[in-house]
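Participant: mmCIF, C-alpha atoms, pLDDT in the B column; chains and numbers go by the auth columns, saved as structure-v6.cif, coming up:
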```
data_run
#
loop_
_atom_site.group_PDB
_atom_site.id
_atom_site.type_symbol
_atom_site.label_atom_id
_atom_site.label_comp_id
_atom_site.label_asym_id
_atom_site.label_seq_id
_atom_site.Cartn_x
_atom_site.Cartn_y
_atom_site.Cartn_z
_atom_site.B_iso_or_equiv
_atom_site.auth_seq_id
_atom_site.auth_asym_id
ATOM 1 C CA MET A 1 104.758 105.800 104.017 64.00 1 A
ATOM 2 C CA THR A 2 107.919 107.825 104.201 65.00 2 A
ATOM 3 C CA GLN A 3 110.077 108.442 107.252 62.00 3 A
ATOM 4 C CA ASP A 4 109.117 112.119 107.109 72.00 4 A
ATOM 5 C CA GLU A 5 105.417 111.226 107.274 76.00 5 A
ATOM 6 C CA ILE A 6 106.036 109.029 110.315 73.00 6 A
ATOM 7 C CA ILE A 7 108.007 111.786 112.034 71.00 7 A
ATOM 8 C CA GLU A 8 105.235 114.291 111.277 74.00 8 A
ATOM 9 C CA MET A 9 102.693 111.939 112.839 76.00 9 A
ATOM 10 C CA ALA A 10 104.860 111.516 115.936 75.00 10 A
ATOM 11 C CA LYS A 11 105.219 115.274 116.254 74.00 11 A
ATOM 12 C CA SER A 12 101.469 115.740 115.908 79.00 12 A
ATOM 13 C CA ILE A 13 100.978 113.647 119.055 76.00 13 A
ATOM 14 C CA ASN A 14 103.675 115.214 121.211 68.00 14 A
ATOM 15 C CA GLU A 15 105.831 118.161 120.154 67.00 15 A
ATOM 16 C CA ASP A 16 108.470 117.341 122.799 68.00 16 A
ATOM 17 C CA TRP A 17 109.411 114.074 121.069 65.00 17 A
ATOM 18 C CA TRP A 18 109.036 112.227 124.349 72.00 18 A
ATOM 19 C CA LEU A 19 106.412 109.571 123.844 69.00 19 A
ATOM 20 C CA ASP A 20 104.995 107.899 126.914 76.00 20 A
ATOM 21 C CA ASP A 21 102.958 104.679 126.670 74.00 21 A
ATOM 22 C CA ILE A 22 99.740 106.523 125.903 81.00 22 A
ATOM 23 C CA ASP A 23 101.393 108.607 123.201 78.00 23 A
ATOM 24 C CA LEU A 24 103.084 105.556 121.699 76.00 24 A
ATOM 25 C CA LYS A 25 99.752 103.755 121.454 79.00 25 A
ATOM 26 C CA ALA A 26 98.181 106.792 119.806 82.00 26 A
ATOM 27 C CA PHE A 27 101.118 106.974 117.404 81.00 27 A
ATOM 28 C CA ALA A 28 100.824 103.266 116.595 81.00 28 A
ATOM 29 C CA LYS A 29 97.132 103.740 115.817 84.00 29 A
ATOM 30 C CA LEU A 30 97.942 106.613 113.455 86.00 30 A
ATOM 31 C CA VAL A 31 100.587 104.566 111.654 87.00 31 A
ATOM 32 C CA ALA A 32 98.296 101.547 111.360 86.00 32 A
ATOM 33 C CA ALA A 33 95.431 103.678 110.032 89.00 33 A
ATOM 34 C CA LYS A 34 97.679 105.344 107.463 90.00 34 A
ATOM 35 C CA GLU A 35 99.040 101.984 106.317 91.00 35 A
ATOM 36 C CA ARG A 36 95.541 100.470 106.060 92.00 36 A
ATOM 37 C CA GLU A 37 94.395 103.396 103.944 95.00 37 A
ATOM 38 C CA ALA A 38 97.470 103.152 101.698 94.00 38 A
ATOM 39 C CA CYS A 39 96.796 99.448 101.137 95.00 39 A
ATOM 40 C CA ALA A 40 93.097 100.028 100.424 96.00 40 A
ATOM 41 C CA LYS A 41 93.899 102.800 97.927 96.00 41 A
ATOM 42 C CA LEU A 42 96.445 100.593 96.189 96.00 42 A
ATOM 43 C CA LEU A 43 93.756 97.970 95.640 96.00 43 A
ATOM 44 C CA GLU A 44 91.286 100.578 94.392 94.00 44 A
ATOM 45 C CA ARG A 45 93.817 101.972 91.904 95.00 45 A
ATOM 46 C CA THR A 46 94.789 98.587 90.482 93.00 46 A
ATOM 47 C CA ASP A 47 94.889 98.877 86.695 92.00 47 A
ATOM 48 C CA LEU A 48 92.567 96.301 85.192 90.00 48 A
ATOM 49 C CA GLY A 49 93.173 97.530 81.649 86.00 49 A
ATOM 50 C CA GLY A 50 94.881 94.291 80.726 88.00 50 A
ATOM 51 C CA LEU A 51 91.554 92.538 81.270 85.00 51 A
ATOM 52 C CA LYS A 52 89.519 94.779 78.936 82.00 52 A
ATOM 53 C CA SER A 53 89.023 91.969 76.445 88.00 53 A
ATOM 54 C CA ASP A 54 87.041 90.153 79.164 91.00 54 A
ATOM 55 C CA VAL A 55 84.528 92.569 80.676 91.00 55 A
ATOM 56 C CA TRP A 56 83.076 89.939 82.994 93.00 56 A
ATOM 57 C CA LEU A 57 86.503 89.124 84.440 93.00 57 A
ATOM 58 C CA GLN A 58 87.320 92.830 84.770 93.00 58 A
ATOM 59 C CA ASN A 59 84.090 93.476 86.709 93.00 59 A
ATOM 60 C CA TYR A 60 84.563 90.381 88.840 95.00 60 A
ATOM 61 C CA THR A 61 88.143 91.346 89.699 95.00 61 A
ATOM 62 C CA ALA A 62 87.116 94.947 90.462 94.00 62 A
ATOM 63 C CA THR A 63 84.404 93.664 92.820 96.00 63 A
ATOM 64 C CA ILE A 64 86.885 91.402 94.612 96.00 64 A
ATOM 65 C CA LEU A 65 89.450 94.211 94.975 96.00 65 A
ATOM 66 C CA ASP A 66 86.760 96.582 96.259 97.00 66 A
ATOM 67 C CA GLY A 67 85.763 93.980 98.846 97.00 67 A
ATOM 68 C CA TYR A 68 89.356 93.651 99.983 97.00 68 A
ATOM 69 C CA ALA A 69 89.713 97.433 100.267 97.00 69 A
ATOM 70 C CA LYS A 70 86.540 97.622 102.378 96.00 70 A
ATOM 71 C CA ALA A 71 87.749 94.763 104.597 96.00 71 A
ATOM 72 C CA ILE A 72 91.080 96.500 105.166 95.00 72 A
ATOM 73 C CA ARG A 73 89.325 99.725 106.166 94.00 73 A
ATOM 74 C CA ALA A 74 86.921 97.825 108.417 94.00 74 A
ATOM 75 C CA ARG A 75 89.839 96.531 110.466 90.00 75 A
ATOM 76 C CA GLY A 76 90.231 100.077 111.746 81.00 76 A
ATOM 77 C CA GLN A 77 86.649 100.058 112.992 83.00 77 A
ATOM 78 C CA ALA A 78 87.067 96.914 115.109 67.00 78 A
#
```
Represent the structure contained in this file as structure tokens.
Facilitator:
Amino acid sequence: MTQDEIIEMAKSINEDWWLDDIDLKAFAKLVAAKEREACAKLLERTDLGGLKSDVWLQNYTATILDGYAKAIRARGQA
């Protein structure tokens, strides 16, 4: 996540740039959600092409990575 993205998120909560405790918590939730999603997408986009000689291992690894991505996203639901 870039600094500009973080600033945009802060502005979306409070245009005055003064963040009280409630706004800071909302901002922290936005940042955490964005970071979780970035991590989950990274796992989903992992190139398994180097494993193409072993289809079983490629499928197994893809299943594991998918499980990790789902677990990361689930943390936002807790």
Participant: Using only C-alpha atoms, which protein or nucleic acid residues come within 7 Å of Ala40 (chain A)? Drop anything in the same chain fewer than 6 positions from it, and give the result as a ChimeraX atom specification.
Facilitator: /A:69,72-73
Participant: Could you work out how far CA of Tyr68 (chain A) lies from CA of Ala32 (chain A), giving the answer in Å with one decimal?
Facilitator: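 Computing it gives 16.5 Å between the two atoms.
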Participant: Kindly indicate which residue among A:Ile7, A:Gln77, A:Thr61, A:Ala33 lies nearest to Thr46 (chain A), using all atoms listed in the file for the distances.
Facilitator: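 Of all the options, A:Thr61 lies closest to Thr46 (chain A).
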Participant: What is the distance, in Å and to one decimal place, between CA of Ile64 (chain A) and CA of Leu43 (chain A)?
Facilitator: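 Taking CA of Ile64 (chain A) as the start and CA of Leu43 (chain A) as the end point, the length is 9.6 Å.
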Participant: Leaving out Lys29 (chain A) and any residue of its chain fewer than 5 positions from it, which residues lie within 12 Å of it when counting only C-alpha atoms, given as a PyMOL selection string?
Facilitator: chain A and resi 6+9-10+13+22-24+34-36+75-77
Participant: Using all atoms listed in the file, which residue out of A:Glu5, A:Tyr60, A:Arg45, A:Val55 lies closest to Val31 (chain A)?
Facilitator: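 Nearest candidate to Val31 (chain A) out of A:Glu5, A:Tyr60, A:Arg45, A:Val55: A:Glu5.
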Participant: Please report, as lines of an AutoDock Vina configuration file, the centre and edge lengths in Å to one decimal of an axis-aligned box covering all listed atoms of region 18-32 of chain A with 8 Å per side.
Facilitator:
```
center_x = 103.1
center_y = 106.9
center_z = 119.1
size_x = 27.9
size_y = 26.7
size_z = 31.6
```
Participant: Please report the interatomic distance between CA of Lys41 (chain A) and CA of Asn59 (chain A) in Å with one decimal.
Facilitator: 17.6 Å
Participant: Tell me which of A:Asp21, A:Glu37, A:Glu8, A:Asp54 sits closest to Ala74 (chain A), counting all atoms listed in the file.
Facilitator: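 Going through A:Asp21, A:Glu37, A:Glu8, A:Asp54 one by one, the smallest distance to Ala74 (chain A) is for A:Glu37.
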Participant: Which is closer to Gly67 (chain A) than all the others in A:Lys25, A:Lys11, A:Glu44, A:Trp18, using only C-alpha atoms?
Facilitator: A:Glu44
